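Novice: Data: my_file-v6.pdb, PDB, C-alpha atoms.
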ATOM      1  CA  MET I 635     254.822 106.586  32.814
ATOM      2  CA  PHE I 636     251.052 106.716  33.436
ATOM      3  CA  ALA I 637     250.901 102.918  33.739
ATOM      4  CA  TYR I 638     253.819 103.028  36.195
ATOM      5  CA  ILE I 639     251.993 105.580  38.378
ATOM      6  CA  ILE I 640     248.794 103.497  38.367
ATOM      7  CA  ARG I 641     250.746 100.367  39.351
ATOM      8  CA  ARG I 642     252.428 102.158  42.243
ATOM      9  CA  ILE I 643     249.128 103.619  43.500
ATOM     10  CA  LEU I 644     247.441 100.191  43.402
ATOM     11  CA  ALA I 645     250.404  98.657  45.206
ATOM     12  CA  ALA I 646     250.170 101.376  47.872
ATOM     13  CA  LEU I 647     246.459 100.666  48.394
ATOM     14  CA  VAL I 648     247.134  96.944  48.774
ATOM     15  CA  LEU I 649     249.927  97.709  51.244
ATOM     16  CA  LEU I 650     247.605  99.932  53.292
ATOM     17  CA  LEU I 651     245.074  97.090  53.418
ATOM     18  CA  VAL I 652     247.764  94.688  54.626
ATOM     19  CA  VAL I 653     248.934  97.195  57.227
ATOM     20  CA  SER I 654     245.375  97.628  58.514
ATOM     21  CA  ALA I 655     244.971  93.841  58.791
ATOM     22  CA  VAL I 656     248.270  93.418  60.635
ATOM     23  CA  THR I 657     247.496  96.332  62.952
ATOM     24  CA  PHE I 658     244.039  94.981  63.711
ATOM     25  CA  ALA I 659     245.507  91.553  64.426
ATOM     26  CA  ILE I 660     248.086  93.036  66.809
ATOM     27  CA  PHE I 661     245.465  94.851  68.845
ATOM     28  CA  PHE I 662     242.622  92.329  68.719
ATOM     29  CA  LEU I 663     244.014  88.893  67.852
ATOM     30  CA  LEU I 664     247.162  88.837  69.995
ATOM     31  CA  PRO I 665     245.289  89.794  73.210
ATOM     32  CA  ARG I 666     242.932  86.866  72.563
ATOM     33  CA  ILE I 667     245.916  84.558  72.135
ATOM     34  CA  ALA I 668     247.378  85.972  75.354
ATOM     35  CA  GLY I 669     244.167  85.101  77.181
ATOM     36  CA  GLU I 670     242.196  88.381  77.222
ATOM     37  CA  THR I 671     238.473  87.787  76.799
ATOM     38  CA  ALA I 672     235.844  89.850  75.022
ATOM     39  CA  ASP I 673     234.358  90.682  78.426
ATOM     40  CA  GLN I 674     237.642  92.225  79.579
ATOM     41  CA  LEU I 675     237.877  94.312  76.401
ATOM     42  CA  ALA I 676     234.279  95.468  76.735
ATOM     43  CA  ALA I 677     234.867  96.431  80.371
ATOM     44  CA  GLN I 678     237.450  99.002  79.250
ATOM     45  CA  PHE I 679     234.694 100.952  77.490
ATOM     46  CA  ILE I 680     232.622 101.237  80.652
ATOM     47  CA  GLY I 681     234.783 102.322  83.566
ATOM     48  CA  LYS I 682     235.139 101.205  87.131
ATOM     49  CA  SER I 683     233.166  98.317  88.633
ATOM     50  CA  PRO I 684     230.944  97.446  85.634
ATOM     51  CA  SER I 685     228.113  95.023  86.160
ATOM     52  CA  PRO I 686     227.974  91.760  84.163
ATOM     53  CA  GLU I 687     224.775  92.966  82.452
ATOM     54  CA  THR I 688     226.469  96.194  81.303
ATOM     55  CA  ILE I 689     229.492  94.295  80.017
ATOM     56  CA  ALA I 690     227.265  91.911  78.061
ATOM     57  CA  ALA I 691     225.320  94.817  76.522
ATOM     58  CA  VAL I 692     228.463  96.698  75.464
ATOM     59  CA  LYS I 693     230.023  93.507  74.083
ATOM     60  CA  GLN I 694     226.973  92.895  71.931
ATOM     61  CA  ASN I 695     226.601  96.539  70.799
ATOM     62  CA  LEU I 696     230.259  96.773  69.771
ATOM     63  CA  GLY I 697     230.266  93.359  68.108
ATOM     64  CA  LEU I 698     233.023  92.037  70.377
ATOM     65  CA  ASP I 699     231.195  88.720  70.614
ATOM     66  CA  GLN I 700     231.433  88.234  66.841
ATOM     67  CA  PRO I 701     234.217  86.327  65.037
ATOM     68  CA  LEU I 702     237.388  88.301  64.390
ATOM     69  CA  TYR I 703     236.868  88.404  60.615
ATOM     70  CA  ALA I 704     233.441  90.006  61.151
ATOM     71  CA  GLN I 705     234.985  92.528  63.548
ATOM     72  CA  TYR I 706     237.715  93.329  61.000
ATOM     73  CA  TRP I 707     235.154  93.863  58.244
ATOM     74  CA  LYS I 708     233.233  96.229  60.501
ATOM     75  CA  PHE I 709     236.496  98.001  61.285
ATOM     76  CA  LEU I 710     237.279  98.462  57.560
ATOM     77  CA  LYS I 711     233.766  99.743  56.868
ATOM     78  CA  GLY I 712     234.182 102.233  59.692
ATOM     79  CA  LEU I 713     237.394 103.583  58.158
ATOM     80  CA  VAL I 714     235.789 104.313  54.783
ATOM     81  CA  ALA I 715     232.083 104.778  55.599
ATOM     82  CA  GLY I 716     231.814 105.512  59.314
ATOM     83  CA  ALA I 717     230.009 103.438  61.929
ATOM     84  CA  GLU I 718     227.348 103.610  64.601
ATOM     85  CA  TYR I 719     227.884 102.682  68.241
ATOM     86  CA  ASN I 720     225.207 102.116  70.833
ATOM     87  CA  PHE I 721     226.521 103.242  74.216
ATOM     88  CA  GLY I 722     223.249 104.539  75.624
ATOM     89  CA  PRO I 723     219.626 105.294  74.797
ATOM     90  CA  GLU I 724     220.550 106.713  71.374
ATOM     91  CA  PRO I 725     223.101 105.442  68.844
ATOM     92  CA  ALA I 726     226.258 107.517  68.356
ATOM     93  CA  THR I 727     227.683 108.107  64.879
ATOM     94  CA  CYS I 728     231.425 107.662  64.418
ATOM     95  CA  HIS I 729     232.437 109.714  61.396
ATOM     96  CA  VAL I 730     234.912 108.780  58.653
ATOM     97  CA  PRO I 731     237.609 107.645  59.284
ATOM     98  CA  CYS I 732     236.220 105.864  62.320
ATOM     99  CA  PHE I 733     238.876 104.603  64.737
ATOM    100  CA  GLY I 734     236.276 104.105  67.463
ATOM    101  CA  TYR I 735     235.776 105.868  70.767
ATOM    102  CA  SER I 736     238.380 106.545  73.422
ATOM    103  CA  PHE I 737     238.373 104.333  76.517
ATOM    104  CA  LYS I 738     239.354 107.358  78.601
ATOM    105  CA  ASN I 739     236.914 110.134  77.646
ATOM    106  CA  HIS I 740     234.452 108.282  75.360
ATOM    107  CA  LEU I 741     235.039 110.777  72.524
ATOM    108  CA  GLU I 742     235.689 109.951  68.870
ATOM    109  CA  VAL I 743     239.376 109.297  68.263
ATOM    110  CA  TRP I 744     239.661 110.933  64.841
ATOM    111  CA  PRO I 745     238.526 114.493  65.763
ATOM    112  CA  GLU I 746     240.975 114.485  68.671
ATOM    113  CA  LEU I 747     243.761 113.072  66.524
ATOM    114  CA  SER I 748     243.124 115.391  63.559
ATOM    115  CA  LYS I 749     243.585 118.447  65.795
ATOM    116  CA  ARG I 750     247.166 117.328  66.417
ATOM    117  CA  ILE I 751     248.093 116.709  62.772
ATOM    118  CA  PRO I 752     248.798 120.388  61.764
ATOM    119  CA  THR I 753     251.326 120.700  64.601
ATOM    120  CA  THR I 754     253.164 117.538  63.569
ATOM    121  CA  ILE I 755     253.097 118.446  59.859
ATOM    122  CA  SER I 756     254.476 121.913  60.651
ATOM    123  CA  LEU I 757     257.261 120.400  62.740
ATOM    124  CA  ALA I 758     258.182 117.694  60.224
ATOM    125  CA  ALA I 759     257.939 119.866  57.093
ATOM    126  CA  GLY I 760     260.009 122.748  58.461
ATOM    127  CA  ALA I 761     262.704 120.462  59.837
ATOM    128  CA  ALA I 762     262.766 118.460  56.587
ATOM    129  CA  VAL I 763     263.462 121.569  54.498
ATOM    130  CA  LEU I 764     266.291 122.593  56.837
ATOM    131  CA  TRP I 765     267.992 119.211  56.995
ATOM    132  CA  LEU I 766     267.589 118.472  53.285
ATOM    133  CA  VAL I 767     269.025 121.801  52.103
ATOM    134  CA  SER I 768     271.813 122.022  54.678
ATOM    135  CA  GLY I 769     272.725 118.339  54.575
ATOM    136  CA  VAL I 770     272.846 117.983  50.786
ATOM    137  CA  ALA I 771     274.652 121.320  50.303
ATOM    138  CA  THR I 772     277.249 120.419  52.923
ATOM    139  CA  GLY I 773     277.757 116.973  51.429
ATOM    140  CA  VAL I 774     278.217 118.348  47.904
ATOM    141  CA  VAL I 775     280.766 120.971  48.949
ATOM    142  CA  SER I 776     282.664 118.423  51.050
ATOM    143  CA  ALA I 777     282.793 116.000  48.121
ATOM    144  CA  LEU I 778     284.064 118.680  45.737
ATOM    145  CA  LYS I 779     286.792 119.669  48.215
ATOM    146  CA  PRO I 780     287.815 116.397  49.854
ATOM    147  CA  LYS I 781     290.307 116.546  52.739
ATOM    148  CA  SER I 782     289.981 120.337  52.895
ATOM    149  CA  ILE I 783     289.430 122.249  56.151
ATOM    150  CA  PHE I 784     285.746 122.610  55.296
ATOM    151  CA  ASP I 785     285.433 118.880  54.609
ATOM    152  CA  ARG I 786     287.092 117.854  57.856
ATOM    153  CA  LEU I 787     285.204 120.424  59.929
ATOM    154  CA  SER I 788     281.779 119.688  58.407
ATOM    155  CA  MET I 789     282.191 115.929  58.710
ATOM    156  CA  GLY I 790     283.289 116.366  62.320
ATOM    157  CA  ILE I 791     280.168 118.392  63.054
ATOM    158  CA  ALA I 792     278.120 115.782  61.180
ATOM    159  CA  LEU I 793     279.588 113.050  63.384
ATOM    160  CA  ALA I 794     278.579 115.061  66.448
ATOM    161  CA  GLY I 795     275.092 115.538  65.009
ATOM    162  CA  VAL I 796     274.655 111.805  64.463
ATOM    163  CA  SER I 797     275.935 111.039  67.964
ATOM    164  CA  LEU I 798     273.869 113.552  69.964
ATOM    165  CA  PRO I 799     270.239 112.527  70.631
ATOM    166  CA  VAL I 800     267.360 114.923  70.021
ATOM    167  CA  PHE I 801     266.400 115.147  73.684
ATOM    168  CA  PHE I 802     269.917 116.470  74.460
ATOM    169  CA  THR I 803     270.140 119.037  71.658
ATOM    170  CA  GLY I 804     266.531 120.109  72.227
ATOM    171  CA  ALA I 805     267.046 120.630  75.964
ATOM    172  CA  LEU I 806     270.311 122.454  75.267
ATOM    173  CA  LEU I 807     268.654 124.819  72.782
ATOM    174  CA  LEU I 808     265.822 125.503  75.209
ATOM    175  CA  THR I 809     268.259 126.202  78.051
ATOM    176  CA  LEU I 810     270.336 128.612  75.983
ATOM    177  CA  PHE I 811     267.790 130.478  73.887
ATOM    178  CA  SER I 812     264.682 130.354  76.080
ATOM    179  CA  TYR I 813     266.038 130.548  79.640
ATOM    180  CA  GLU I 814     269.674 131.707  79.688
ATOM    181  CA  TRP I 815     269.226 134.184  76.829
ATOM    182  CA  PRO I 816     265.452 134.718  76.463
ATOM    183  CA  ILE I 817     265.593 135.330  72.724
ATOM    184  CA  LEU I 818     262.927 132.747  71.960
ATOM    185  CA  ASP I 819     260.981 132.531  75.196
ATOM    186  CA  ASN I 820     257.348 131.492  75.719
ATOM    187  CA  LEU I 821     257.340 128.961  72.901
ATOM    188  CA  GLN I 822     253.774 127.876  72.147
ATOM    189  CA  TYR I 823     252.479 126.525  68.864
ATOM    190  CA  VAL I 824     250.623 129.093  66.768
ATOM    191  CA  ASP I 825     248.715 128.016  63.685
ATOM    192  CA  PHE I 826     250.236 129.167  60.389
ATOM    193  CA  THR I 827     246.987 130.768  59.241
ATOM    194  CA  ASP I 828     246.742 132.822  62.439
ATOM    195  CA  ASN I 829     250.237 134.318  62.423
ATOM    196  CA  PRO I 830     252.910 132.969  60.023
ATOM    197  CA  LEU I 831     255.742 134.871  61.732
ATOM    198  CA  MET I 832     254.891 133.588  65.205
ATOM    199  CA  TRP I 833     254.373 130.107  63.734
ATOM    200  CA  ALA I 834     257.951 130.102  62.398
ATOM    201  CA  ARG I 835     259.412 131.812  65.502
ATOM    202  CA  ASN I 836     257.960 129.265  67.902
ATOM    203  CA  LEU I 837     259.034 126.276  65.793
ATOM    204  CA  ILE I 838     262.578 127.351  64.902
ATOM    205  CA  LEU I 839     264.196 125.587  67.880
ATOM    206  CA  PRO I 840     262.387 122.258  67.282
ATOM    207  CA  TRP I 841     263.294 122.544  63.598
ATOM    208  CA  ILE I 842     266.970 123.098  64.376
ATOM    209  CA  SER I 843     266.994 120.291  66.931
ATOM    210  CA  LEU I 844     265.621 117.787  64.420
ATOM    211  CA  ALA I 845     267.576 119.163  61.457
ATOM    212  CA  PHE I 846     270.887 118.903  63.329
ATOM    213  CA  LEU I 847     270.410 115.154  63.664
ATOM    214  CA  TYR I 848     269.113 114.425  60.169
ATOM    215  CA  SER I 849     271.280 116.875  58.209
ATOM    216  CA  ALA I 850     274.350 115.134  59.600
ATOM    217  CA  LEU I 851     273.187 111.830  58.099
ATOM    218  CA  TYR I 852     272.337 113.471  54.783
ATOM    219  CA  ALA I 853     275.677 115.277  54.600
ATOM    220  CA  ARG I 854     277.644 112.074  55.066
ATOM    221  CA  LEU I 855     275.478 110.134  52.610
ATOM    222  CA  THR I 856     275.608 112.901  49.984
ATOM    223  CA  ARG I 857     279.365 113.211  50.313
ATOM    224  CA  ALA I 858     279.876 109.473  49.809
ATOM    225  CA  GLY I 859     277.518 109.406  46.813
ATOM    226  CA  MET I 860     279.094 112.455  45.180
ATOM    227  CA  LEU I 861     282.658 111.147  45.633
ATOM    228  CA  GLU I 862     281.669 107.951  43.838
ATOM    229  CA  THR I 863     279.667 109.705  41.110
ATOM    230  CA  MET I 864     282.210 112.413  40.291
ATOM    231  CA  SER I 865     284.818 109.755  39.447
ATOM    232  CA  GLU I 866     282.616 108.103  36.803
ATOM    233  CA  ASP I 867     283.526 108.132  33.102
ATOM    234  CA  TYR I 868     280.438 110.097  32.035
ATOM    235  CA  ILE I 869     281.480 112.961  34.333
ATOM    236  CA  ARG I 870     284.848 113.188  32.566
ATOM    237  CA  THR I 871     283.016 113.041  29.237
ATOM    238  CA  ALA I 872     280.743 115.902  30.266
ATOM    239  CA  ARG I 873     283.755 118.010  31.238
ATOM    240  CA  ALA I 874     285.534 117.115  28.005
ATOM    241  CA  LYS I 875     282.513 118.356  26.035
ATOM    242  CA  GLY I 876     283.007 121.778  27.589
ATOM    243  CA  LEU I 877     280.068 121.887  29.978
ATOM    244  CA  ALA I 878     280.322 124.387  32.803
ATOM    245  CA  GLU I 879     281.408 122.895  36.107
ATOM    246  CA  GLY I 880     278.146 123.942  37.750
ATOM    247  CA  LYS I 881     276.118 122.002  35.181
ATOM    248  CA  VAL I 882     278.397 118.988  35.510
ATOM    249  CA  VAL I 883     277.933 118.941  39.283
ATOM    250  CA  ALA I 884     274.196 119.701  39.377
ATOM    251  CA  ARG I 885     272.845 117.891  36.320
ATOM    252  CA  HIS I 886     275.177 114.899  36.136
ATOM    253  CA  GLY I 887     276.815 114.436  39.527
ATOM    254  CA  LEU I 888     274.201 115.428  42.084
ATOM    255  CA  ARG I 889     271.261 114.050  40.122
ATOM    256  CA  ALA I 890     272.810 110.591  40.013
ATOM    257  CA  ALA I 891     273.663 110.748  43.717
ATOM    258  CA  LEU I 892     270.137 111.765  44.721
ATOM    259  CA  THR I 893     268.540 108.309  44.498
ATOM    260  CA  PRO I 894     269.561 107.106  47.997
ATOM    261  CA  ILE I 895     268.844 110.606  49.370
ATOM    262  CA  VAL I 896     265.280 110.494  48.022
ATOM    263  CA  THR I 897     264.819 107.022  49.499
ATOM    264  CA  ILE I 898     265.794 107.871  53.061
ATOM    265  CA  PHE I 899     264.068 111.273  52.856
ATOM    266  CA  GLY I 900     260.750 109.595  52.142
ATOM    267  CA  MET I 901     261.208 107.192  55.053
ATOM    268  CA  ASP I 902     262.362 109.898  57.491
ATOM    269  CA  LEU I 903     259.583 112.312  56.571
ATOM    270  CA  GLY I 904     256.947 109.576  56.781
ATOM    271  CA  LEU I 905     258.157 108.529  60.225
ATOM    272  CA  LEU I 906     258.129 112.114  61.500
ATOM    273  CA  LEU I 907     254.645 112.750  60.128
ATOM    274  CA  GLY I 908     253.540 109.779  62.204
ATOM    275  CA  GLY I 909     254.690 111.662  65.296
ATOM    276  CA  ALA I 910     258.021 113.063  66.505
ATOM    277  CA  LEU I 911     257.605 111.706  70.029
ATOM    278  CA  ILE I 912     260.797 112.954  71.681
ATOM    279  CA  THR I 913     260.848 116.390  70.050
ATOM    280  CA  GLU I 914     257.201 117.052  70.832
ATOM    281  CA  GLN I 915     257.754 116.015  74.432
ATOM    282  CA  VAL I 916     260.854 118.211  74.856
ATOM    283  CA  PHE I 917     259.204 121.318  73.396
ATOM    284  CA  SER I 918     255.697 120.579  74.768
ATOM    285  CA  LEU I 919     254.126 120.511  71.298
ATOM    286  CA  GLN I 920     250.596 119.091  71.191
ATOM    287  CA  GLY I 921     251.217 116.906  68.172
ATOM    288  CA  VAL I 922     250.572 113.324  67.131
ATOM    289  CA  GLY I 923     253.625 112.098  69.028
ATOM    290  CA  GLN I 924     252.466 113.507  72.352
ATOM    291  CA  PHE I 925     248.976 112.170  71.615
ATOM    292  CA  ALA I 926     250.519 108.703  71.156
ATOM    293  CA  VAL I 927     252.499 108.950  74.396
ATOM    294  CA  GLN I 928     249.366 109.880  76.344
ATOM    295  CA  ALA I 929     247.377 107.076  74.691
ATOM    296  CA  ILE I 930     250.017 104.506  75.652
ATOM    297  CA  THR I 931     250.160 105.874  79.206
ATOM    298  CA  ASP I 932     246.369 105.571  79.517
ATOM    299  CA  ASN I 933     246.333 102.159  77.772
ATOM    300  CA  ASP I 934     243.721 103.681  75.453
ATOM    301  CA  LEU I 935     243.488 101.050  72.710
ATOM    302  CA  PRO I 936     241.390 102.975  70.121
ATOM    303  CA  LYS I 937     243.765 105.968  70.298
ATOM    304  CA  ILE I 938     246.833 103.758  69.945
ATOM    305  CA  LEU I 939     245.214 102.020  66.978
ATOM    306  CA  GLY I 940     244.404 105.378  65.350
ATOM    307  CA  VAL I 941     247.962 106.693  65.729
ATOM    308  CA  THR I 942     249.420 103.444  64.402
ATOM    309  CA  LEU I 943     247.276 103.473  61.262
ATOM    310  CA  LEU I 944     247.887 107.188  60.696
ATOM    311  CA  ALA I 945     251.647 106.688  60.934
ATOM    312  CA  ALA I 946     251.460 103.724  58.557
ATOM    313  CA  PHE I 947     249.408 105.825  56.123
ATOM    314  CA  PHE I 948     252.013 108.598  56.085
ATOM    315  CA  ILE I 949     254.870 106.149  55.564
ATOM    316  CA  VAL I 950     253.096 104.383  52.688
ATOM    317  CA  VAL I 951     252.160 107.684  51.027
ATOM    318  CA  CYS I 952     255.705 109.056  51.368
ATOM    319  CA  ASN I 953     257.115 105.871  49.865
ATOM    320  CA  LEU I 954     254.643 106.181  46.989
ATOM    321  CA  VAL I 955     255.857 109.731  46.371
ATOM    322  CA  VAL I 956     259.456 108.473  46.483
ATOM    323  CA  ASP I 957     258.672 105.835  43.865
ATOM    324  CA  LEU I 958     257.200 108.512  41.610
ATOM    325  CA  LEU I 959     260.178 110.820  42.179
ATOM    326  CA  TYR I 960     262.512 108.033  41.081
ATOM    327  CA  ALA I 961     261.086 108.386  37.592
ATOM    328  CA  LEU I 962     262.013 112.074  37.591
ATOM    329  CA  VAL I 963     265.461 111.691  39.139
ATOM    330  CA  ASP I 964     266.564 108.569  37.277
ATOM    331  CA  PRO I 965     265.519 108.203  33.595
ATOM    332  CA  ARG I 966     266.273 104.475  33.755
ATOM    333  CA  VAL I 967     263.138 104.002  35.872
ATOM    334  CA  ARG I 968     260.952 105.525  33.145
ATOM    335  CA  ILE I 969     262.620 103.374  30.499
ATOM    336  CA  SER I 970     262.089 100.172  32.496
TER     337      SER I 970
END
Go ahead and express the file in the form of structure tokens.

Specialist:
Amino acid sequence: MFAYIIRRILAALVLLLVVSAVTFAIFFLLPRIAGETADQLAAQFIGKSPSPETIAAVKQNLGLDQPLYAQYWKFLKGLVAGAEYNFGPEPATCHVPCFGYSFKNHLEVWPELSKRIPTTISLAAGAAVLWLVSGVATGVVSALKPKSIFDRLSMGIALAGVSLPVFFTGALLLTLFSYEWPILDNLQYVDFTDNPLMWARNLILPWISLAFLYSALYARLTRAGMLETMSEDYIRTARAKGLAEGKVVARHGLRAALTPIVTIFGMDLGLLLGGALITEQVFSLQGVGQFAVQAITDNDLPKILGVTLLAAFFIVVCNLVVDLLYALVDPRVRIS
């Protein structure tokens, strides 16, 4: 088991290196292929009407006149050891992890980005708990009582949840519970450490909006997996041995059906941690998603690069956790 964990961690590190190389190539190699010069890239760091002398100085200070492999090596060193930039009379230190300086405000990208991460983690984690519990529970009950009123009703609601986009359900929840019935009005993000109750109160509508979409997918997937699992021979054997029905369902049925659930949960959570763009926009949450939208609007390359690598990091880490959970859920993984 220890060797398996080490192998998965090393594979995750290699994957992160590949992702960084691909991301760097997208933002620095493809523009060169498309015809953008180093002078044009350097001009974005300066502002309006830069002089040729200023462009040449910035290009040299940032290393934009160097070969791409040298620029990539400097980029990697900045991620793990920081970097120094020379924009004026004194050099400026870019702290670890260094994604560079914003084109728009000339501030370090990482401090700005890191301020948004708690909001996005709070949104993704709370919604994930809601959709995982409600979706799996609904799917299990529906599978144990197929073609019942509960099964038909829950699967109908699940179909509606899959069909309705987040921007519709989010706007509907805001209209009903913030404006029409001001039960949850004045929704502004409050840090968990400042006031846990207000933190949960102000995030309950975004949580429900996201959970309604994802729990529908999980309910349908759990139901299909449980229907297949509960008809297996080892389930009949467990019942014949006299095990309680609850143990048969939880330890033998649900556990075997959890493998695809764990897989998509890791992907969904990783994607949301990289920024829930639509939900953050609808509820005006200052998270990573809204940061990404603003960066794209401003054509702020260092910010876009930072968000992209952060999202890739979360997805790789979540997939690593999923691989490790496989060994707990499915004993065959430990044996192999």

Novice: Pick the closest to I:Phe737 from I:Ala926, I:Ala677, I:Leu888, I:Val896: which is it, counting all atoms listed in the file?

Specialist: I:Ala677

Novice: Could you list, as a count of residues only, every residue within 8 Å of I:Gly923, counting all atoms listed in the file and ignoring same-chain residues fewer than 2 positions away?

Specialist: 13

Novice: Please report as JSON lines every residue of stretch 845-937 of chain I lying within 12 Å of stretch 662-675 of chain I, along with the nearest atom pair and their distance in Å (one decimal), using all atoms listed in the file.

Specialist:
{"residue": "I:Asn933", "atom": "CA", "partner": "I:Leu675", "partner_atom": "CA", "distance": 11.6}
{"residue": "I:Asp934", "atom": "CA", "partner": "I:Leu675", "partner_atom": "CA", "distance": 11.1}
{"residue": "I:Leu935", "atom": "CA", "partner": "I:Leu675", "partner_atom": "CA", "distance": 9.5}
{"residue": "I:Pro936", "atom": "CA", "partner": "I:Phe662", "partner_atom": "CA", "distance": 10.8}

Novice: Can I get the residues of stretch 882-963 of chain I within 12 Å of stretch 643-655 of chain I, each with the closest pair of atoms and their distance in Å to one decimal, using all atoms listed in the file, sorted chain first then ascending number, as a tab-separated table?

Specialist:
residue	atom	partner	partner_atom	distance
I:Leu939	CA	I:Ser654	CA	9.5
I:Gly940	CA	I:Ser654	CA	10.4
I:Val941	CA	I:Ser654	CA	11.9
I:Thr942	CA	I:Ser654	CA	9.2
I:Leu943	CA	I:Ser654	CA	6.7
I:Leu944	CA	I:Ser654	CA	10.1
I:Ala945	CA	I:Val653	CA	10.5
I:Ala946	CA	I:Val653	CA	7.1
I:Phe947	CA	I:Leu650	CA	6.8
I:Phe948	CA	I:Leu650	CA	10.1
I:Ile949	CA	I:Leu650	CA	9.8
I:Val950	CA	I:Ala646	CA	6.4
I:Val951	CA	I:Ala646	CA	7.3
I:Cys952	CA	I:Ala646	CA	10.1
I:Asn953	CA	I:Ala646	CA	8.5
I:Leu954	CA	I:Ala646	CA	6.6
I:Val955	CA	I:Ile643	CA	9.5
I:Val956	CA	I:Ala646	CA	11.8
I:Asp957	CA	I:Ile643	CA	9.8
I:Leu958	CA	I:Ile643	CA	9.6

Novice: Any chance you could resolve the PyMOL selection byres ((chain I and resi 826-842) around 12) against this file and give the residues as a VMD selection string?

Specialist: chain I and resid 752 to 766 768 795 800 to 812 817 to 825 843 to 850 906 910 to 919

Novice: Give me a file of those residues, with C-alpha atoms, as a PDB file, keeping the file's coordinate frame.

Specialist:
ATOM      1  CA  PRO I 752     248.798 120.388  61.764  1.00  0.00           C
ATOM      2  CA  THR I 753     251.326 120.700  64.601  1.00  0.00           C
ATOM      3  CA  THR I 754     253.164 117.538  63.569  1.00  0.00           C
ATOM      4  CA  ILE I 755     253.097 118.446  59.859  1.00  0.00           C
ATOM      5  CA  SER I 756     254.476 121.913  60.651  1.00  0.00           C
ATOM      6  CA  LEU I 757     257.261 120.400  62.740  1.00  0.00           C
ATOM      7  CA  ALA I 758     258.182 117.694  60.224  1.00  0.00           C
ATOM      8  CA  ALA I 759     257.939 119.866  57.093  1.00  0.00           C
ATOM      9  CA  GLY I 760     260.009 122.748  58.461  1.00  0.00           C
ATOM     10  CA  ALA I 761     262.704 120.462  59.837  1.00  0.00           C
ATOM     11  CA  ALA I 762     262.766 118.460  56.587  1.00  0.00           C
ATOM     12  CA  VAL I 763     263.462 121.569  54.498  1.00  0.00           C
ATOM     13  CA  LEU I 764     266.291 122.593  56.837  1.00  0.00           C
ATOM     14  CA  TRP I 765     267.992 119.211  56.995  1.00  0.00           C
ATOM     15  CA  LEU I 766     267.589 118.472  53.285  1.00  0.00           C
ATOM     16  CA  SER I 768     271.813 122.022  54.678  1.00  0.00           C
ATOM     17  CA  GLY I 795     275.092 115.538  65.009  1.00  0.00           C
ATOM     18  CA  VAL I 800     267.360 114.923  70.021  1.00  0.00           C
ATOM     19  CA  PHE I 801     266.400 115.147  73.684  1.00  0.00           C
ATOM     20  CA  PHE I 802     269.917 116.470  74.460  1.00  0.00           C
ATOM     21  CA  THR I 803     270.140 119.037  71.658  1.00  0.00           C
ATOM     22  CA  GLY I 804     266.531 120.109  72.227  1.00  0.00           C
ATOM     23  CA  ALA I 805     267.046 120.630  75.964  1.00  0.00           C
ATOM     24  CA  LEU I 806     270.311 122.454  75.267  1.00  0.00           C
ATOM     25  CA  LEU I 807     268.654 124.819  72.782  1.00  0.00           C
ATOM     26  CA  LEU I 808     265.822 125.503  75.209  1.00  0.00           C
ATOM     27  CA  THR I 809     268.259 126.202  78.051  1.00  0.00           C
ATOM     28  CA  LEU I 810     270.336 128.612  75.983  1.00  0.00           C
ATOM     29  CA  PHE I 811     267.790 130.478  73.887  1.00  0.00           C
ATOM     30  CA  SER I 812     264.682 130.354  76.080  1.00  0.00           C
ATOM     31  CA  ILE I 817     265.593 135.330  72.724  1.00  0.00           C
ATOM     32  CA  LEU I 818     262.927 132.747  71.960  1.00  0.00           C
ATOM     33  CA  ASP I 819     260.981 132.531  75.196  1.00  0.00           C
ATOM     34  CA  ASN I 820     257.348 131.492  75.719  1.00  0.00           C
ATOM     35  CA  LEU I 821     257.340 128.961  72.901  1.00  0.00           C
ATOM     36  CA  GLN I 822     253.774 127.876  72.147  1.00  0.00           C
ATOM     37  CA  TYR I 823     252.479 126.525  68.864  1.00  0.00           C
ATOM     38  CA  VAL I 824     250.623 129.093  66.768  1.00  0.00           C
ATOM     39  CA  ASP I 825     248.715 128.016  63.685  1.00  0.00           C
ATOM     40  CA  SER I 843     266.994 120.291  66.931  1.00  0.00           C
ATOM     41  CA  LEU I 844     265.621 117.787  64.420  1.00  0.00           C
ATOM     42  CA  ALA I 845     267.576 119.163  61.457  1.00  0.00           C
ATOM     43  CA  PHE I 846     270.887 118.903  63.329  1.00  0.00           C
ATOM     44  CA  LEU I 847     270.410 115.154  63.664  1.00  0.00           C
ATOM     45  CA  TYR I 848     269.113 114.425  60.169  1.00  0.00           C
ATOM     46  CA  SER I 849     271.280 116.875  58.209  1.00  0.00           C
ATOM     47  CA  ALA I 850     274.350 115.134  59.600  1.00  0.00           C
ATOM     48  CA  LEU I 906     258.129 112.114  61.500  1.00  0.00           C
ATOM     49  CA  ALA I 910     258.021 113.063  66.505  1.00  0.00           C
ATOM     50  CA  LEU I 911     257.605 111.706  70.029  1.00  0.00           C
ATOM     51  CA  ILE I 912     260.797 112.954  71.681  1.00  0.00           C
ATOM     52  CA  THR I 913     260.848 116.390  70.050  1.00  0.00           C
ATOM     53  CA  GLU I 914     257.201 117.052  70.832  1.00  0.00           C
ATOM     54  CA  GLN I 915     257.754 116.015  74.432  1.00  0.00           C
ATOM     55  CA  VAL I 916     260.854 118.211  74.856  1.00  0.00           C
ATOM     56  CA  PHE I 917     259.204 121.318  73.396  1.00  0.00           C
ATOM     57  CA  SER I 918     255.697 120.579  74.768  1.00  0.00           C
ATOM     58  CA  LEU I 919     254.126 120.511  71.298  1.00  0.00           C
TER      59      LEU I 919
END

Novice: Spell out the residues picked by the PyMOL selection byres ((chain I and resi 733) around 9) here, as a count of residues only.

Specialist: 19

Novice: Which residue, I:Leu861, I:Leu747, I:Leu710, I:Ala676, has the smallest gap to I:Asn695 when you use all atoms listed in the file?

Specialist: I:Ala676
